[in-house]
Amino acid sequence: MDSVSDSLKAMSLGLLILLLISFPTISTEWARMTAELIEEEDDPHYGLPDIWDGKQVVCIHFPQTEAPDGYEQGRKHIDFDGSEFMSDGEWNESGACIGGFSGHDSAWSLMNTAVNATDDAFALNTTQYTFGIMVNSIAGVDPSQMSGNFSGAYWSLYHNGALSMVGVTELELDSDSVITWRVDTW
């Protein structure tokens with residue numbers, strides 16, 4: 001009887017330890033499964049999963065005809081660990097947002113962390129100038145190679161919905177900043 005009791009105690013302890021170790025993963029997955037999109041249009045997190053509210057996010061919007069495979073329709077949401085957990089096919093731009101980050105003081109640091117989280121799916125090609133870094137391409141999309149009813153195109157940087165007046169290496173972030181890259185033309 002004592003050996004059965006001891007075995008049950010050991011198995012119970014093992015199960016408890018397994019549950020405690022698994023709890024953060026279960027909690028994260030539950031939050032992802034139940035996430036809803038923020039609907040307040042004046043919120044910089046508008047259209048993003050509510051689990052990212054108060055967190056730092058990078059969004060990359062591609063011209064629909066130039067979007068990399070898999071990013072042509074709507075916007076995909078990729079968490080800080082690289083897990084794609086939500087898509088918004090209703091969004092009026094194509095691309096992805098990578099979010100759930102914290103602790104980044106600069107847009108450059110956040111951008112590089114987001115690229116790394118996606119296993120370089122959104123790799124950057126940049127040129128260093130005396131005035132700072134110029135982003136030439138993201139995920140292989142190079143606006144200088146695009147043609148249309150415009151004279152030229154470039155990657156532009158937005159911070160919390162407004163065009164940034166400084167470059168990616170100079171842009172200081174808040175704890176809940178959303179930076180967005182989109183192709184603008186002239």
# chains A, B, ... in the order shown; residues from 1 in each chain; ligands from 1
>>> residues_around(residues="Ile51 of chain A", least_positions_apart="2", cutoff="12 Å", atoms="only C-alpha atoms", output="PyMOL selection string")
chain A and resi 27-38+45+47-49+53-57+77-80+85-86+99-101+176
>>> residues_around(residues="Ser94 of chain A", least_positions_apart="4", cutoff="12 Å", atoms="only C-alpha atoms", output="short mmCIF file (atom, residue, chain, number, x, y, z; two decimals) with C-alpha atoms, in the first residue's frame")
data_model
loop_
_atom_site.label_atom_id
_atom_site.label_comp_id
_atom_site.auth_asym_id
_atom_site.auth_seq_id
_atom_site.Cartn_x
_atom_site.Cartn_y
_atom_site.Cartn_z
CA CYS A 59 4.09 46.81 -39.40
CA ILE A 60 5.24 46.41 -42.99
CA HIS A 61 2.73 47.24 -45.70
CA PHE A 62 3.54 46.23 -49.26
CA PRO A 63 1.97 47.45 -52.48
CA GLN A 64 -0.37 44.56 -53.27
CA THR A 65 1.28 43.88 -56.64
CA GLU A 66 4.72 43.77 -55.03
CA ALA A 67 3.97 41.81 -51.85
CA PRO A 68 6.07 38.72 -51.13
CA ASP A 69 4.31 35.35 -51.47
CA GLY A 70 1.83 34.83 -48.68
CA TYR A 71 1.44 38.52 -47.87
CA GLU A 72 -0.71 39.68 -50.81
CA GLN A 73 -4.11 39.67 -49.11
CA GLY A 74 -4.79 41.60 -45.94
CA ARG A 75 -2.41 41.67 -43.02
CA LYS A 76 -0.88 38.83 -40.99
CA HIS A 77 -0.03 39.17 -37.31
CA SER A 87 -4.79 37.24 -40.20
CA ASP A 88 -7.00 40.17 -41.10
CA GLY A 89 -8.18 39.64 -44.67
CA GLU A 90 -10.37 42.75 -44.37
CA TRP A 181 6.85 50.89 -43.14
CA ARG A 182 4.99 51.57 -46.37
CA VAL A 183 6.01 52.46 -49.89
#
>>> residues_around(residues="Asn149 of chain A", least_positions_apart="4", cutoff="12 Å", atoms="only C-alpha atoms", output="ChimeraX atom specification")
/A:153,185-186
>>> residues_around(residues="segment 137-143 of chain A", least_positions_apart="2", cutoff="6 Å", atoms="only C-alpha atoms", output="ChimeraX atom specification")
/A:122-125,135,145-146,153-154
>>> write_last_selection(atoms="N, CA, C and O atoms", output="PDB file, in the first residue's frame")
ATOM      1  N   PHE A 122      11.582  39.164 -43.318  1.00  0.00           N
ATOM      2  CA  PHE A 122      11.475  40.587 -43.670  1.00  0.00           C
ATOM      3  C   PHE A 122      12.850  41.243 -43.633  1.00  0.00           C
ATOM      4  O   PHE A 122      13.005  42.376 -43.173  1.00  0.00           O
ATOM      5  N   ALA A 123      13.837  40.529 -44.153  1.00  0.00           N
ATOM      6  CA  ALA A 123      15.221  41.006 -44.143  1.00  0.00           C
ATOM      7  C   ALA A 123      15.333  42.375 -44.796  1.00  0.00           C
ATOM      8  O   ALA A 123      14.630  42.696 -45.759  1.00  0.00           O
ATOM      9  N   LEU A 124      16.228  43.162 -44.256  1.00  0.00           N
ATOM     10  CA  LEU A 124      16.463  44.520 -44.738  1.00  0.00           C
ATOM     11  C   LEU A 124      17.699  44.579 -45.613  1.00  0.00           C
ATOM     12  O   LEU A 124      18.682  43.901 -45.349  1.00  0.00           O
ATOM     13  N   ASN A 125      17.632  45.426 -46.630  1.00  0.00           N
ATOM     14  CA  ASN A 125      18.811  45.813 -47.393  1.00  0.00           C
ATOM     15  C   ASN A 125      18.923  47.308 -47.159  1.00  0.00           C
ATOM     16  O   ASN A 125      17.974  48.054 -47.432  1.00  0.00           O
ATOM     17  N   VAL A 135      16.783  52.593 -45.851  1.00  0.00           N
ATOM     18  CA  VAL A 135      16.259  51.255 -46.103  1.00  0.00           C
ATOM     19  C   VAL A 135      15.938  51.156 -47.587  1.00  0.00           C
ATOM     20  O   VAL A 135      15.073  51.868 -48.097  1.00  0.00           O
ATOM     21  N   GLN A 145      12.743  49.910 -57.819  1.00  0.00           N
ATOM     22  CA  GLN A 145      12.553  49.074 -59.005  1.00  0.00           C
ATOM     23  C   GLN A 145      11.095  49.047 -59.483  1.00  0.00           C
ATOM     24  O   GLN A 145      10.781  48.393 -60.473  1.00  0.00           O
ATOM     25  N   MET A 146      10.228  49.762 -58.788  1.00  0.00           N
ATOM     26  CA  MET A 146       8.808  49.763 -59.142  1.00  0.00           C
ATOM     27  C   MET A 146       8.528  50.793 -60.225  1.00  0.00           C
ATOM     28  O   MET A 146       9.223  51.799 -60.336  1.00  0.00           O
ATOM     29  N   ALA A 153       9.764  55.946 -55.937  1.00  0.00           N
ATOM     30  CA  ALA A 153       9.141  55.349 -54.760  1.00  0.00           C
ATOM     31  C   ALA A 153      10.221  55.036 -53.732  1.00  0.00           C
ATOM     32  O   ALA A 153      11.391  54.859 -54.069  1.00  0.00           O
ATOM     33  N   TYR A 154       9.822  54.970 -52.465  1.00  0.00           N
ATOM     34  CA  TYR A 154      10.764  54.725 -51.374  1.00  0.00           C
ATOM     35  C   TYR A 154      10.004  54.156 -50.182  1.00  0.00           C
ATOM     36  O   TYR A 154       8.780  54.294 -50.073  1.00  0.00           O
TER      37      TYR A 154
END
>>> select_by_dssp(residues="chain A", states="helix (DSSP H, G or I)", output="PyMOL selection string")
chain A and resi 2-34+50-52+64-66+107-117+143-145
>>> atom_distance(atom1="atom CA of Gly82 of chain A", atom2="atom CA of Asp43 of chain A")
24.3 Å
>>> residues_around(residues="segment 107-109 of chain A", least_positions_apart="6", cutoff="9 Å", atoms="only C-alpha atoms", output="mmCIF file with C-alpha atoms, in the first residue's frame")
data_model
loop_
_atom_site.group_PDB
_atom_site.id
_atom_site.type_symbol
_atom_site.label_atom_id
_atom_site.label_comp_id
_atom_site.auth_asym_id
_atom_site.auth_seq_id
_atom_site.Cartn_x
_atom_site.Cartn_y
_atom_site.Cartn_z
ATOM 1 C CA VAL A 58 6.450 46.814 -36.396
ATOM 2 C CA HIS A 159 5.527 56.335 -35.945
ATOM 3 C CA GLY A 167 15.298 58.243 -39.657
ATOM 4 C CA VAL A 168 14.986 54.754 -38.254
ATOM 5 C CA THR A 169 18.210 55.004 -36.215
ATOM 6 C CA GLU A 170 17.178 58.326 -34.660
ATOM 7 C CA LEU A 171 13.536 57.526 -33.901
ATOM 8 C CA GLU A 172 13.033 57.160 -30.148
ATOM 9 C CA LEU A 173 10.229 54.868 -29.064
ATOM 10 C CA SER A 177 5.070 52.535 -30.119
ATOM 11 C CA ILE A 179 6.258 51.785 -36.362
#
>>> atom_distance(atom1="atom CA of Asn136 of chain A", atom2="atom CA of Ser175 of chain A")
27.1 Å
>>> select_by_dssp(residues="segment 7-182 of chain A", states="strand (DSSP E)", output="JSON, numbers by chain")
{"A": [56, 57, 58, 59, 60, 61, 62, 75, 76, 77, 78, 79, 84, 85, 86, 87, 88, 94, 95, 96, 97, 98, 99, 100, 101, 124, 125, 126, 127, 128, 129, 132, 133, 134, 135, 136, 137, 138, 153, 154, 155, 156, 157, 158, 159, 162, 163, 178, 179, 180, 181, 182]}
>>> closest_residue(among="A:Asp81, A:Asp174, A:Asp42, A:Asp184", to="Thr113 of chain A", atoms="only C-alpha atoms")
A:Asp81
>>> decode(residues="segment 60-96 of chain A", atoms="N, CA, C and O atoms", output="PDB file, in the first residue's frame")
ATOM      1  N   ILE A  60       4.661  46.236 -41.661  1.00  0.00           N
ATOM      2  CA  ILE A  60       5.240  46.413 -42.989  1.00  0.00           C
ATOM      3  C   ILE A  60       4.116  46.222 -43.996  1.00  0.00           C
ATOM      4  O   ILE A  60       3.529  45.140 -44.067  1.00  0.00           O
ATOM      5  N   HIS A  61       3.806  47.286 -44.715  1.00  0.00           N
ATOM      6  CA  HIS A  61       2.725  47.238 -45.704  1.00  0.00           C
ATOM      7  C   HIS A  61       3.343  47.318 -47.098  1.00  0.00           C
ATOM      8  O   HIS A  61       4.073  48.258 -47.412  1.00  0.00           O
ATOM      9  N   PHE A  62       3.009  46.327 -47.904  1.00  0.00           N
ATOM     10  CA  PHE A  62       3.543  46.234 -49.258  1.00  0.00           C
ATOM     11  C   PHE A  62       2.484  46.695 -50.251  1.00  0.00           C
ATOM     12  O   PHE A  62       1.297  46.457 -50.041  1.00  0.00           O
ATOM     13  N   PRO A  63       2.927  47.275 -51.384  1.00  0.00           N
ATOM     14  CA  PRO A  63       1.969  47.453 -52.475  1.00  0.00           C
ATOM     15  C   PRO A  63       1.481  46.054 -52.864  1.00  0.00           C
ATOM     16  O   PRO A  63       2.283  45.126 -52.955  1.00  0.00           O
ATOM     17  N   GLN A  64       0.193  45.893 -53.061  1.00  0.00           N
ATOM     18  CA  GLN A  64      -0.372  44.559 -53.272  1.00  0.00           C
ATOM     19  C   GLN A  64       0.302  43.820 -54.430  1.00  0.00           C
ATOM     20  O   GLN A  64       0.532  42.624 -54.358  1.00  0.00           O
ATOM     21  N   THR A  65       0.656  44.540 -55.486  1.00  0.00           N
ATOM     22  CA  THR A  65       1.277  43.883 -56.644  1.00  0.00           C
ATOM     23  C   THR A  65       2.734  43.512 -56.391  1.00  0.00           C
ATOM     24  O   THR A  65       3.328  42.785 -57.176  1.00  0.00           O
ATOM     25  N   GLU A  66       3.310  44.032 -55.325  1.00  0.00           N
ATOM     26  CA  GLU A  66       4.723  43.772 -55.031  1.00  0.00           C
ATOM     27  C   GLU A  66       4.928  42.934 -53.774  1.00  0.00           C
ATOM     28  O   GLU A  66       6.054  42.685 -53.377  1.00  0.00           O
ATOM     29  N   ALA A  67       3.854  42.528 -53.120  1.00  0.00           N
ATOM     30  CA  ALA A  67       3.968  41.809 -51.846  1.00  0.00           C
ATOM     31  C   ALA A  67       4.629  40.446 -52.030  1.00  0.00           C
ATOM     32  O   ALA A  67       4.378  39.755 -53.010  1.00  0.00           O
ATOM     33  N   PRO A  68       5.481  40.058 -51.078  1.00  0.00           N
ATOM     34  CA  PRO A  68       6.067  38.715 -51.132  1.00  0.00           C
ATOM     35  C   PRO A  68       4.972  37.650 -51.039  1.00  0.00           C
ATOM     36  O   PRO A  68       3.884  37.909 -50.522  1.00  0.00           O
ATOM     37  N   ASP A  69       5.271  36.455 -51.525  1.00  0.00           N
ATOM     38  CA  ASP A  69       4.307  35.351 -51.471  1.00  0.00           C
ATOM     39  C   ASP A  69       3.781  35.169 -50.050  1.00  0.00           C
ATOM     40  O   ASP A  69       4.549  35.167 -49.090  1.00  0.00           O
ATOM     41  N   GLY A  70       2.473  35.045 -49.961  1.00  0.00           N
ATOM     42  CA  GLY A  70       1.831  34.830 -48.678  1.00  0.00           C
ATOM     43  C   GLY A  70       1.389  36.103 -47.981  1.00  0.00           C
ATOM     44  O   GLY A  70       0.710  36.043 -46.960  1.00  0.00           O
ATOM     45  N   TYR A  71       1.773  37.245 -48.509  1.00  0.00           N
ATOM     46  CA  TYR A  71       1.438  38.519 -47.868  1.00  0.00           C
ATOM     47  C   TYR A  71       0.660  39.449 -48.804  1.00  0.00           C
ATOM     48  O   TYR A  71       0.648  40.654 -48.608  1.00  0.00           O
ATOM     49  N   GLU A  72      -0.010  38.881 -49.805  1.00  0.00           N
ATOM     50  CA  GLU A  72      -0.708  39.683 -50.812  1.00  0.00           C
ATOM     51  C   GLU A  72      -2.090  40.132 -50.363  1.00  0.00           C
ATOM     52  O   GLU A  72      -2.601  41.137 -50.843  1.00  0.00           O
ATOM     53  N   GLN A  73      -2.726  39.390 -49.501  1.00  0.00           N
ATOM     54  CA  GLN A  73      -4.108  39.667 -49.110  1.00  0.00           C
ATOM     55  C   GLN A  73      -4.187  40.011 -47.632  1.00  0.00           C
ATOM     56  O   GLN A  73      -3.880  39.183 -46.786  1.00  0.00           O
ATOM     57  N   GLY A  74      -4.602  41.222 -47.334  1.00  0.00           N
ATOM     58  CA  GLY A  74      -4.786  41.605 -45.935  1.00  0.00           C
ATOM     59  C   GLY A  74      -3.473  41.676 -45.185  1.00  0.00           C
ATOM     60  O   GLY A  74      -2.410  41.864 -45.758  1.00  0.00           O
ATOM     61  N   ARG A  75      -3.585  41.519 -43.875  1.00  0.00           N
ATOM     62  CA  ARG A  75      -2.412  41.669 -43.015  1.00  0.00           C
ATOM     63  C   ARG A  75      -2.336  40.507 -42.041  1.00  0.00           C
ATOM     64  O   ARG A  75      -3.325  40.137 -41.416  1.00  0.00           O
ATOM     65  N   LYS A  76      -1.128  39.936 -41.922  1.00  0.00           N
ATOM     66  CA  LYS A  76      -0.885  38.834 -40.991  1.00  0.00           C
ATOM     67  C   LYS A  76      -0.271  39.404 -39.719  1.00  0.00           C
ATOM     68  O   LYS A  76       0.464  40.380 -39.762  1.00  0.00           O
ATOM     69  N   HIS A  77      -0.566  38.757 -38.603  1.00  0.00           N
ATOM     70  CA  HIS A  77      -0.030  39.167 -37.307  1.00  0.00           C
ATOM     71  C   HIS A  77       0.887  38.071 -36.781  1.00  0.00           C
ATOM     72  O   HIS A  77       0.472  36.915 -36.664  1.00  0.00           O
ATOM     73  N   ILE A  78       2.104  38.467 -36.492  1.00  0.00           N
ATOM     74  CA  ILE A  78       3.146  37.535 -36.067  1.00  0.00           C
ATOM     75  C   ILE A  78       3.615  37.989 -34.688  1.00  0.00           C
ATOM     76  O   ILE A  78       3.993  39.148 -34.502  1.00  0.00           O
ATOM     77  N   ASP A  79       3.583  37.081 -33.732  1.00  0.00           N
ATOM     78  CA  ASP A  79       3.956  37.431 -32.366  1.00  0.00           C
ATOM     79  C   ASP A  79       5.475  37.513 -32.214  1.00  0.00           C
ATOM     80  O   ASP A  79       6.228  37.089 -33.095  1.00  0.00           O
ATOM     81  N   PHE A  80       5.909  38.029 -31.077  1.00  0.00           N
ATOM     82  CA  PHE A  80       7.319  38.285 -30.797  1.00  0.00           C
ATOM     83  C   PHE A  80       8.209  37.060 -30.959  1.00  0.00           C
ATOM     84  O   PHE A  80       9.411  37.175 -31.175  1.00  0.00           O
ATOM     85  N   ASP A  81       7.622  35.862 -30.873  1.00  0.00           N
ATOM     86  CA  ASP A  81       8.411  34.632 -30.993  1.00  0.00           C
ATOM     87  C   ASP A  81       8.370  34.035 -32.400  1.00  0.00           C
ATOM     88  O   ASP A  81       8.852  32.930 -32.623  1.00  0.00           O
ATOM     89  N   GLY A  82       7.784  34.769 -33.356  1.00  0.00           N
ATOM     90  CA  GLY A  82       7.729  34.308 -34.735  1.00  0.00           C
ATOM     91  C   GLY A  82       6.486  33.505 -35.077  1.00  0.00           C
ATOM     92  O   GLY A  82       6.332  33.056 -36.209  1.00  0.00           O
ATOM     93  N   SER A  83       5.576  33.334 -34.118  1.00  0.00           N
ATOM     94  CA  SER A  83       4.345  32.569 -34.363  1.00  0.00           C
ATOM     95  C   SER A  83       3.307  33.435 -35.056  1.00  0.00           C
ATOM     96  O   SER A  83       2.880  34.445 -34.513  1.00  0.00           O
ATOM     97  N   GLU A  84       2.902  33.006 -36.243  1.00  0.00           N
ATOM     98  CA  GLU A  84       1.809  33.690 -36.936  1.00  0.00           C
ATOM     99  C   GLU A  84       0.515  33.169 -36.337  1.00  0.00           C
ATOM    100  O   GLU A  84       0.242  31.978 -36.362  1.00  0.00           O
ATOM    101  N   PHE A  85      -0.289  34.075 -35.766  1.00  0.00           N
ATOM    102  CA  PHE A  85      -1.465  33.596 -35.052  1.00  0.00           C
ATOM    103  C   PHE A  85      -2.775  34.234 -35.482  1.00  0.00           C
ATOM    104  O   PHE A  85      -3.840  33.827 -35.026  1.00  0.00           O
ATOM    105  N   MET A  86      -2.724  35.208 -36.365  1.00  0.00           N
ATOM    106  CA  MET A  86      -3.962  35.859 -36.758  1.00  0.00           C
ATOM    107  C   MET A  86      -3.759  36.543 -38.099  1.00  0.00           C
ATOM    108  O   MET A  86      -2.694  37.067 -38.379  1.00  0.00           O
ATOM    109  N   SER A  87      -4.796  36.517 -38.926  1.00  0.00           N
ATOM    110  CA  SER A  87      -4.787  37.243 -40.197  1.00  0.00           C
ATOM    111  C   SER A  87      -6.021  38.124 -40.256  1.00  0.00           C
ATOM    112  O   SER A  87      -7.065  37.763 -39.726  1.00  0.00           O
ATOM    113  N   ASP A  88      -5.874  39.255 -40.908  1.00  0.00           N
ATOM    114  CA  ASP A  88      -6.997  40.172 -41.104  1.00  0.00           C
ATOM    115  C   ASP A  88      -7.157  40.398 -42.599  1.00  0.00           C
ATOM    116  O   ASP A  88      -6.548  41.296 -43.176  1.00  0.00           O
ATOM    117  N   GLY A  89      -7.949  39.551 -43.237  1.00  0.00           N
ATOM    118  CA  GLY A  89      -8.182  39.640 -44.669  1.00  0.00           C
ATOM    119  C   GLY A  89      -8.969  40.867 -45.072  1.00  0.00           C
ATOM    120  O   GLY A  89      -9.001  41.243 -46.241  1.00  0.00           O
ATOM    121  N   GLU A  90      -9.581  41.543 -44.098  1.00  0.00           N
ATOM    122  CA  GLU A  90     -10.372  42.746 -44.369  1.00  0.00           C
ATOM    123  C   GLU A  90      -9.502  44.008 -44.403  1.00  0.00           C
ATOM    124  O   GLU A  90      -9.949  45.057 -44.841  1.00  0.00           O
ATOM    125  N   TRP A  91      -8.274  43.913 -43.896  1.00  0.00           N
ATOM    126  CA  TRP A  91      -7.409  45.093 -43.823  1.00  0.00           C
ATOM    127  C   TRP A  91      -7.154  45.610 -45.231  1.00  0.00           C
ATOM    128  O   TRP A  91      -6.974  44.841 -46.163  1.00  0.00           O
ATOM    129  N   ASN A  92      -7.098  46.928 -45.379  1.00  0.00           N
ATOM    130  CA  ASN A  92      -7.008  47.526 -46.714  1.00  0.00           C
ATOM    131  C   ASN A  92      -5.592  47.613 -47.267  1.00  0.00           C
ATOM    132  O   ASN A  92      -5.374  48.251 -48.291  1.00  0.00           O
ATOM    133  N   GLU A  93      -4.645  46.998 -46.623  1.00  0.00           N
ATOM    134  CA  GLU A  93      -3.272  46.954 -47.124  1.00  0.00           C
ATOM    135  C   GLU A  93      -2.769  45.519 -46.981  1.00  0.00           C
ATOM    136  O   GLU A  93      -3.278  44.760 -46.171  1.00  0.00           O
ATOM    137  N   SER A  94      -1.748  45.167 -47.758  1.00  0.00           N
ATOM    138  CA  SER A  94      -1.173  43.833 -47.640  1.00  0.00           C
ATOM    139  C   SER A  94       0.118  43.917 -46.843  1.00  0.00           C
ATOM    140  O   SER A  94       0.804  44.931 -46.868  1.00  0.00           O
ATOM    141  N   GLY A  95       0.416  42.854 -46.118  1.00  0.00           N
ATOM    142  CA  GLY A  95       1.651  42.840 -45.355  1.00  0.00           C
ATOM    143  C   GLY A  95       1.532  42.094 -44.052  1.00  0.00           C
ATOM    144  O   GLY A  95       0.752  41.151 -43.925  1.00  0.00           O
ATOM    145  N   ALA A  96       2.319  42.540 -43.076  1.00  0.00           N
ATOM    146  CA  ALA A  96       2.357  41.866 -41.782  1.00  0.00           C
ATOM    147  C   ALA A  96       2.720  42.847 -40.691  1.00  0.00           C
ATOM    148  O   ALA A  96       3.349  43.876 -40.938  1.00  0.00           O
TER     149      ALA A  96
END
